Amino acid sequence: QSNVTVYGRVDLSIAQQVDAVKNLEVRNGSGSRLGFRGTEDLGSGLNAVFHIEHRFNAQDGSVANTSRFWEGKAIVGLQGAFGRVTLGREENPAYTFSQGPADPWGTDTVASNGSIVAGRIGSTRYSNSVNYRYDMGAFSVGAQMAESNGGEKRPFSLGAAYKDKTLVLGLGYENPTDKDDNWTTVNGEYNFGMFKAGAFFGTGKNTSAQKHQAWMLSGKAMIGGGEARLSYGQLKNTTTNVVADKQLSLGYHYALSKRTTVYADLTTEKRDAIPSDRQKTGYDVGIKHNF
Amino acid sequence: QSNVTVYGRVDLSIAQQVDAVKNLEVRNGSGSRLGFRGTEDLGSGLNAVFHIEHRFNAQDGSVANTSRFWEGKAIVGLQGAFGRVTLGREENPAYTFSQGPADPWGTDTVASNGSIVAGRIGSTRYSNSVNYRYDMGAFSVGAQMAESNGGEKRPFSLGAAYKDKTLVLGLGYENPTDKDDNWTTVNGEYNFGMFKAGAFFGTGKNTSAQKHQAWMLSGKAMIGGGEARLSYGQLKNTTTNVVADKQLSLGYHYALSKRTTVYADLTTEKRDAIPSDRQKTGYDVGIKHNF
Amino acid sequence: QSNVTVYGRVDLSIAQQVDAVKNLEVRNGSGSRLGFRGTEDLGSGLNAVFHIEHRFNAQDGSVANTSRFWEGKAIVGLQGAFGRVTLGREENPAYTFSQGPADPWGTDTVASNGSIVAGRIGSTRYSNSVNYRYDMGAFSVGAQMAESNGGEKRPFSLGAAYKDKTLVLGLGYENPTDKDDNWTTVNGEYNFGMFKAGAFFGTGKNTSAQKHQAWMLSGKAMIGGGEARLSYGQLKNTTTNVVADKQLSLGYHYALSKRTTVYADLTTEKRDAIPSDRQKTGYDVGIKHNF
């Protein structure tokens, strides 16, 4: 029993999504999950590591991705002075070090800036991948290569981050499985004490070789014991000159404990692909519990 | 590891079902399950709670409901002096407080009185629900509202129970997702010391607005260290004047420990919908192990 | 929490399969798994046992068998002086005591001799089964009967083994669900100290009543702290006089700890059913971590 840590999250909200036929629904705020992980000390600074993570829709008990029960993660590998090498299904380092941290919501809840930070090009995770990660003090770097799985080439990604109490910086380069697409991002956040201010910029090409550009400004402040969040950004197809997404989000997340948070979010979003009768203001009130 | 309790059940029997092409099969006696649950003390009498429960067919290792891995339960919420509020997939209180307890078998095994206590109208659980429960001494009340999910209206249910050493009483009102259907039940059980005697009555309408009525009498007695169970009841469509189900069940459940029970059941059932060549006497011999 | 043991394995390799369109892929070396098991002391030498085991593809997080989440095992039963009786989905004793142990790779990795030891007739596990096992010192015997599930008859299997430090012997008889097929095997391994030498012979009939015969010779030796493995064998349809499979395998498995092994395997295999352009030399380099 000491070889494995069982952990998870159930995160549910009463929510109105921006692009939804349904009015007001019970839905996952972030990815509800159940995971199993462990580290085995092999001596001489060498460790074996494994980690598997299931994702589910807590509102109805269904599996988040019906073709991958262990949607969140499924890896095994070794770590030591050389870094960490793993095989399996893993988050790509461009997401881990830049796309994800760039969004104050970490691409969770109805206020997620997921389409802006991933530019409608990147994917959060890749299966059948070989992964490398190295941490040294405030610096981290990562690299991933995966199988093409019928795509035009093997996807690969690179990421790097710097993180201390004052400054967070991230860089990501993601090259998905198609011939033309790629997505480069840079993000930073500075802690002014009273509040944190962040900026993000992304540029790349989609599978049709059209140029995408994205930017976002964001802020976080501790108010009344909770964290207030604000972001404004957009994603533009500069080849067709179409604004694909323009989003303003506001949220307040209050931690009842280290493990349990209640939250409320509000977002207005203009997307190119939503029928006008479904374009709504999004909002949610939820509870996120980690175990 | 202390944040989560891992528990479950494997319950298998060699059984002959009442309505079956198969003669003699290995089958789940009750819902074999694997669950994860926990309570976090947030201080000031407030607790965060979560609970997810998977159901499976132990005879072949398949998922009980292919579209909902966490078929049994998937909730997160808060409880305190005000009661307990949860979101997610949950048993409805009409089942929890009345329909389920009314059946000496708790709608388990081949002897299940499930179609009588639910009147072929109710469902045991609803997804996408908001739930409230309040307990005060021997009294409990519960309420649930769920999403319509394409049905004609939002389903909702109410339940209440009284429970002490001598007397158990339950009330349930369930209003499923269709326009016309609803199911009201009342049940009671009195402990005479040597044995317990129970009665159940249910009335409501199906989705075609036809009236259903059900009743059942039951008894339990401790004999030879085990519990003997007996029930007789029927479900009638009083609009069409058809007896939909008439069932006599007998069982003996012997606890080898608090966690492990061996059992044998016998049931004769006349259902309107079974072809006469599949109308069989049901029986099972099984073992139920909780972990 | 003390009622259940959580355990598992993640085993991934970079591999080239013998019969594959893909060149070089990340794949399961053996069945990655997550299991829950326990034993409850009921007193008087009687124990209740349960065991459920999920199998998954760690390379992409998918379920190994989409129709059976608990593909590896799902049983409950009793054990005592009389032996062990279980119900559910279980390995058949012909595999447990003879087919599996006959292969130095235990039918794992690209070097698996699975088609030779099972003769393209046997199945590793059966659902809906009743199982009996009895162990006495170095001797073990097992029997299984399962449901026909639409097949021509109920499958059943018998197995027996003798195991001490010098000698391992196994016998298996498997009679699958079709009318004609059956598979009988005998295997042995002798420990010469410096190395172990093994032999296997199998004979039976397929579903078309054609005779299959298989044999294999194998060796294991501890070299440089790891185990070197070698095997050569073939499977022949003696009715059609076609060699269905002829395989030479070589491997080296090095234990970094009791729980973690790194390995490399090489196999050349001629199968009747592989298009010649997909006939490749197989190899893998992998890491197997048990938790």
# chains A, B, ... in the order shown; residues from 1 in each chain; ligands from 1

call {"tool": "residues_around", "arguments": {"residues": "Val63 of chain A", "least_positions_apart": "6", "cutoff": "9 Å", "atoms": "only C-alpha atoms", "output": "number ranges by chain"}}
result
A: 54-57, 69, 71; B: 67-70

call {"tool": "write_last_selection", "arguments": {"atoms": "N, CA and C atoms", "output": "PDB file, in the first residue's frame"}}
result
ATOM      1  N   HIS A  54      -6.971   8.833 -14.497  1.00  0.00           N
ATOM      2  CA  HIS A  54      -8.268   8.724 -15.166  1.00  0.00           C
ATOM      3  C   HIS A  54      -8.992  10.065 -15.087  1.00  0.00           C
ATOM      4  N   ARG A  55      -9.720  10.416 -16.143  1.00  0.00           N
ATOM      5  CA  ARG A  55     -10.552  11.623 -16.134  1.00  0.00           C
ATOM      6  C   ARG A  55     -12.014  11.244 -16.352  1.00  0.00           C
ATOM      7  N   PHE A  56     -12.897  11.881 -15.603  1.00  0.00           N
ATOM      8  CA  PHE A  56     -14.316  11.565 -15.764  1.00  0.00           C
ATOM      9  C   PHE A  56     -15.185  12.803 -15.619  1.00  0.00           C
ATOM     10  N   ASN A  57     -16.412  12.686 -16.115  1.00  0.00           N
ATOM     11  CA  ASN A  57     -17.415  13.727 -15.987  1.00  0.00           C
ATOM     12  C   ASN A  57     -18.214  13.450 -14.725  1.00  0.00           C
ATOM     13  N   PHE A  69      -9.534   5.625 -21.102  1.00  0.00           N
ATOM     14  CA  PHE A  69      -9.910   5.716 -19.689  1.00  0.00           C
ATOM     15  C   PHE A  69      -8.874   6.535 -18.926  1.00  0.00           C
ATOM     16  N   GLU A  71      -7.098   9.024 -19.582  1.00  0.00           N
ATOM     17  CA  GLU A  71      -6.961  10.197 -20.428  1.00  0.00           C
ATOM     18  C   GLU A  71      -5.904  11.163 -19.893  1.00  0.00           C
TER      19      GLU A  71
ATOM     20  N   SER B  67     -22.105   3.331 -20.582  1.00  0.00           N
ATOM     21  CA  SER B  67     -22.017   4.766 -20.782  1.00  0.00           C
ATOM     22  C   SER B  67     -21.721   5.531 -19.495  1.00  0.00           C
ATOM     23  N   ARG B  68     -21.660   4.832 -18.379  1.00  0.00           N
ATOM     24  CA  ARG B  68     -21.349   5.510 -17.110  1.00  0.00           C
ATOM     25  C   ARG B  68     -20.491   4.611 -16.240  1.00  0.00           C
ATOM     26  N   PHE B  69     -19.187   4.780 -16.325  1.00  0.00           N
ATOM     27  CA  PHE B  69     -18.296   3.962 -15.500  1.00  0.00           C
ATOM     28  C   PHE B  69     -18.640   4.129 -14.019  1.00  0.00           C
ATOM     29  N   TRP B  70     -18.847   5.405 -13.596  1.00  0.00           N
ATOM     30  CA  TRP B  70     -19.185   5.705 -12.198  1.00  0.00           C
ATOM     31  C   TRP B  70     -20.698   5.691 -12.054  1.00  0.00           C
TER      32      TRP B  70
END

call {"tool": "closest_atom_pairs", "arguments": {"of": "chain B", "to": "chain A", "cutoff": "10 Å", "atoms": "only C-alpha atoms", "output": "tab-separated table"}}
result
residue	atom	partner	partner_atom	distance
B:Gln1	CA	A:Thr5	CA	6.2
B:Ser2	CA	A:Phe291	CA	8.8
B:Asn3	CA	A:Phe291	CA	5.4
B:Val4	CA	A:Phe291	CA	6.3
B:Thr5	CA	A:Val6	CA	9.4
B:Val6	CA	A:Val6	CA	8.9
B:Phe36	CA	A:Leu34	CA	9.0
B:Arg37	CA	A:Phe291	CA	8.9
B:Gly38	CA	A:Phe291	CA	7.6
B:Thr39	CA	A:Phe291	CA	9.1
B:Glu40	CA	A:Arg259	CA	8.4
B:Asp41	CA	A:Ser257	CA	8.9
B:Leu42	CA	A:Ser257	CA	6.4
B:Gly43	CA	A:Leu256	CA	9.1
B:Leu46	CA	A:Leu256	CA	9.6
B:Asn47	CA	A:Leu256	CA	9.7
B:Ala48	CA	A:Thr260	CA	7.1
B:Val49	CA	A:His289	CA	8.0
B:Phe50	CA	A:Val10	CA	6.9
B:His51	CA	A:Val10	CA	8.5
B:Ile52	CA	A:Gly61	CA	8.0
B:Glu53	CA	A:Gly61	CA	8.6
B:His54	CA	A:Gly61	CA	8.5
B:Asn65	CA	A:Ser62	CA	9.4
B:Thr66	CA	A:Ser62	CA	8.7
B:Ser67	CA	A:Ser62	CA	6.0
B:Arg68	CA	A:Ser62	CA	4.1
B:Phe69	CA	A:Ser62	CA	5.5
B:Trp70	CA	A:Gly61	CA	4.3
B:Glu71	CA	A:Gly61	CA	5.9
B:Gly72	CA	A:Gly61	CA	8.1
B:Lys73	CA	A:Gly61	CA	6.9
B:Ala74	CA	A:Ala58	CA	5.3
B:Ile75	CA	A:Ala58	CA	6.6
B:Val76	CA	A:Val10	CA	6.0
B:Gly77	CA	A:Ile287	CA	7.0
B:Leu78	CA	A:Ile287	CA	8.8
B:Thr86	CA	A:Leu12	CA	9.2
B:Leu87	CA	A:Leu12	CA	6.6
B:Gly88	CA	A:Gln59	CA	4.2
B:Arg89	CA	A:Asp60	CA	5.1
B:Glu90	CA	A:Asp60	CA	8.8
B:Tyr126	CA	A:Asp60	CA	7.9
B:Ser127	CA	A:Asp60	CA	4.5
B:Asn128	CA	A:Gln59	CA	4.7
B:Ser129	CA	A:Val26	CA	7.0
B:Val130	CA	A:Val26	CA	8.1
B:Ala146	CA	A:Val26	CA	8.6
B:Glu147	CA	A:Glu25	CA	6.9
B:Ser148	CA	A:Glu25	CA	9.7
B:Asn149	CA	A:Lys22	CA	8.7
B:Gly150	CA	A:Lys22	CA	9.5

call {"tool": "write_last_selection", "arguments": {"atoms": "N, CA and C atoms", "output": "compact mmCIF listing (two decimals), in the first residue's frame"}}
result
# COMPACT_ATOMS: atom_id res chain seq x y z
N GLN B 1 -2.94 9.53 1.46
CA GLN B 1 -3.67 8.26 1.47
C GLN B 1 -4.81 8.32 2.49
N SER B 2 -4.65 9.21 3.47
CA SER B 2 -5.67 9.31 4.50
C SER B 2 -6.86 10.12 4.01
N ASN B 3 -6.74 10.73 2.82
CA ASN B 3 -7.82 11.57 2.31
C ASN B 3 -8.90 10.77 1.61
N VAL B 4 -8.62 9.49 1.35
CA VAL B 4 -9.55 8.73 0.54
C VAL B 4 -9.70 7.31 1.11
N THR B 5 -10.93 6.85 1.14
CA THR B 5 -11.23 5.47 1.53
C THR B 5 -11.56 4.69 0.28
N VAL B 6 -10.84 3.60 0.07
CA VAL B 6 -11.11 2.71 -1.05
C VAL B 6 -11.98 1.56 -0.52
N PHE B 36 -14.59 5.17 -4.07
CA PHE B 36 -13.62 6.05 -3.43
C PHE B 36 -14.42 7.18 -2.79
N ARG B 37 -14.18 7.41 -1.51
CA ARG B 37 -14.95 8.46 -0.85
C ARG B 37 -14.13 9.10 0.25
N GLY B 38 -14.53 10.28 0.66
CA GLY B 38 -13.81 10.93 1.73
C GLY B 38 -14.56 12.13 2.26
N THR B 39 -14.17 12.55 3.44
CA THR B 39 -14.73 13.73 4.09
C THR B 39 -13.56 14.57 4.58
N GLU B 40 -13.60 15.85 4.31
CA GLU B 40 -12.55 16.75 4.79
C GLU B 40 -13.15 17.75 5.78
N ASP B 41 -12.58 17.80 6.96
CA ASP B 41 -13.03 18.75 7.98
C ASP B 41 -12.52 20.14 7.63
N LEU B 42 -13.45 21.05 7.35
CA LEU B 42 -13.06 22.42 6.97
C LEU B 42 -13.10 23.37 8.16
N GLY B 43 -13.42 22.83 9.35
CA GLY B 43 -13.53 23.67 10.53
C GLY B 43 -14.94 24.24 10.67
N LEU B 46 -18.09 22.56 9.30
CA LEU B 46 -18.27 22.41 7.86
C LEU B 46 -17.37 21.29 7.32
N ASN B 47 -17.90 20.47 6.43
CA ASN B 47 -17.12 19.40 5.80
C ASN B 47 -17.30 19.41 4.30
N ALA B 48 -16.21 19.12 3.60
CA ALA B 48 -16.31 18.85 2.17
C ALA B 48 -16.44 17.34 2.02
N VAL B 49 -17.29 16.90 1.11
CA VAL B 49 -17.47 15.47 0.90
C VAL B 49 -17.38 15.16 -0.58
N PHE B 50 -16.84 13.96 -0.88
CA PHE B 50 -16.89 13.47 -2.26
C PHE B 50 -17.12 11.98 -2.19
N HIS B 51 -17.62 11.43 -3.28
CA HIS B 51 -17.92 10.01 -3.32
C HIS B 51 -18.11 9.60 -4.78
N ILE B 52 -17.30 8.68 -5.26
CA ILE B 52 -17.49 8.12 -6.60
C ILE B 52 -17.56 6.61 -6.48
N GLU B 53 -18.47 6.01 -7.22
CA GLU B 53 -18.65 4.56 -7.11
C GLU B 53 -18.88 3.94 -8.48
N HIS B 54 -17.98 3.05 -8.84
CA HIS B 54 -18.05 2.29 -10.08
C HIS B 54 -18.85 1.02 -9.85
N ASN B 65 -22.68 -0.36 -16.63
CA ASN B 65 -23.33 0.53 -17.57
C ASN B 65 -22.26 1.13 -18.46
N THR B 66 -22.23 0.72 -19.73
CA THR B 66 -21.11 1.11 -20.59
C THR B 66 -21.02 2.62 -20.79
N SER B 67 -22.10 3.33 -20.58
CA SER B 67 -22.02 4.77 -20.78
C SER B 67 -21.72 5.53 -19.49
N ARG B 68 -21.66 4.83 -18.38
CA ARG B 68 -21.35 5.51 -17.11
C ARG B 68 -20.49 4.61 -16.24
N PHE B 69 -19.19 4.78 -16.33
CA PHE B 69 -18.30 3.96 -15.50
C PHE B 69 -18.64 4.13 -14.02
N TRP B 70 -18.85 5.41 -13.60
CA TRP B 70 -19.18 5.70 -12.20
C TRP B 70 -20.70 5.69 -12.05
N GLU B 71 -21.28 4.54 -12.41
CA GLU B 71 -22.72 4.35 -12.43
C GLU B 71 -23.33 4.54 -11.03
N GLY B 72 -22.64 4.10 -10.01
CA GLY B 72 -23.20 4.10 -8.66
C GLY B 72 -23.34 5.48 -8.05
N LYS B 73 -22.34 6.32 -8.29
CA LYS B 73 -22.35 7.62 -7.64
C LYS B 73 -21.20 8.46 -8.16
N ALA B 74 -21.39 9.77 -8.21
CA ALA B 74 -20.30 10.70 -8.52
C ALA B 74 -20.72 12.06 -8.00
N ILE B 75 -20.31 12.37 -6.78
CA ILE B 75 -20.78 13.62 -6.16
C ILE B 75 -19.65 14.35 -5.44
N VAL B 76 -19.85 15.65 -5.29
CA VAL B 76 -19.00 16.47 -4.45
C VAL B 76 -19.91 17.50 -3.79
N GLY B 77 -19.59 17.91 -2.58
CA GLY B 77 -20.45 18.89 -1.92
C GLY B 77 -19.97 19.28 -0.55
N LEU B 78 -20.87 19.93 0.16
CA LEU B 78 -20.57 20.43 1.51
C LEU B 78 -21.63 19.94 2.47
N THR B 86 -25.07 18.36 -2.35
CA THR B 86 -24.12 17.77 -3.29
C THR B 86 -24.57 17.98 -4.72
N LEU B 87 -23.61 17.93 -5.63
CA LEU B 87 -23.86 17.98 -7.07
C LEU B 87 -23.37 16.68 -7.69
N GLY B 88 -24.02 16.23 -8.76
CA GLY B 88 -23.50 15.10 -9.53
C GLY B 88 -24.53 14.02 -9.79
N ARG B 89 -24.05 12.79 -9.84
CA ARG B 89 -24.93 11.63 -10.06
C ARG B 89 -25.19 10.98 -8.72
N GLU B 90 -26.47 10.86 -8.34
CA GLU B 90 -26.79 10.40 -7.00
C GLU B 90 -28.10 9.61 -7.01
N TYR B 126 -30.20 9.58 -10.60
CA TYR B 126 -30.23 10.59 -11.65
C TYR B 126 -28.87 11.26 -11.77
N SER B 127 -28.49 11.54 -13.01
CA SER B 127 -27.26 12.29 -13.28
C SER B 127 -27.57 13.78 -13.24
N ASN B 128 -26.52 14.60 -13.22
CA ASN B 128 -26.65 16.06 -13.34
C ASN B 128 -27.64 16.61 -12.31
N SER B 129 -27.50 16.13 -11.08
CA SER B 129 -28.48 16.50 -10.07
C SER B 129 -27.90 17.41 -8.99
N VAL B 130 -28.80 18.12 -8.34
CA VAL B 130 -28.50 18.88 -7.13
C VAL B 130 -29.26 18.17 -6.01
N ALA B 146 -32.80 17.29 -10.97
CA ALA B 146 -31.79 16.93 -11.97
C ALA B 146 -32.07 17.64 -13.28
N GLU B 147 -31.17 17.46 -14.25
CA GLU B 147 -31.38 18.04 -15.57
C GLU B 147 -32.35 17.17 -16.37
N SER B 148 -33.07 17.81 -17.27
CA SER B 148 -34.04 17.07 -18.08
C SER B 148 -33.34 16.21 -19.13
N ASN B 149 -32.20 16.65 -19.62
CA ASN B 149 -31.45 15.87 -20.62
C ASN B 149 -32.32 15.43 -21.79
N GLY B 150 -33.05 16.35 -22.33
CA GLY B 150 -33.87 16.03 -23.49
C GLY B 150 -35.25 15.52 -23.15

call {"tool": "residues_around", "arguments": {"residues": "segment 229-233 of chain A", "least_positions_apart": "2", "cutoff": "10 Å", "atoms": "only C-alpha atoms", "output": "JSON, numbers by chain"}}
result
{"A": [103, 104, 105, 111, 112, 113, 116, 117, 195, 196, 197, 198, 199, 200, 201, 214, 215, 216, 217, 218, 219, 220, 221, 222, 226, 227, 235, 245, 246, 247, 248, 249, 250, 251, 252, 253, 265, 266, 267, 268, 269]}

call {"tool": "closest_residue", "arguments": {"among": "C:Gly193, C:Pro275, C:Pro93, C:Gly35", "to": "Ala161 of chain C", "atoms": "only C-alpha atoms"}}
result
C:Pro93

call {"tool": "select_by_dssp", "arguments": {"residues": "segment 98-142 of chain B", "states": "helix (DSSP H, G or I)", "output": "list of chain:residue names"}}
result
B:Ser98, B:Gln99, B:Gly100, B:Pro101, B:Ala102, B:Gly114, B:Ser115, B:Ile116, B:Val117

call {"tool": "select_by_dssp", "arguments": {"residues": "segment 16-259 of chain C", "states": "strand (DSSP E or B)", "output": "PyMOL selection string"}}
result
chain C and resi 16+19+25-28+32-43+46-57+62-63+73-80+83-91+125-136+139-146+156-163+167-175+182-191+195-205+211-223+226-237+242-255

call {"tool": "atom_distance", "arguments": {"atom1": "atom CA of Asp135 of chain A", "atom2": "atom CA of Asp108 of chain A"}}
result
25.7 Å

call {"tool": "closest_residue", "arguments": {"among": "B:Gly100, B:Gly29, B:Gly45, B:Gly204", "to": "Tyr283 of chain B", "atoms": "only C-alpha atoms"}}
result
B:Gly29
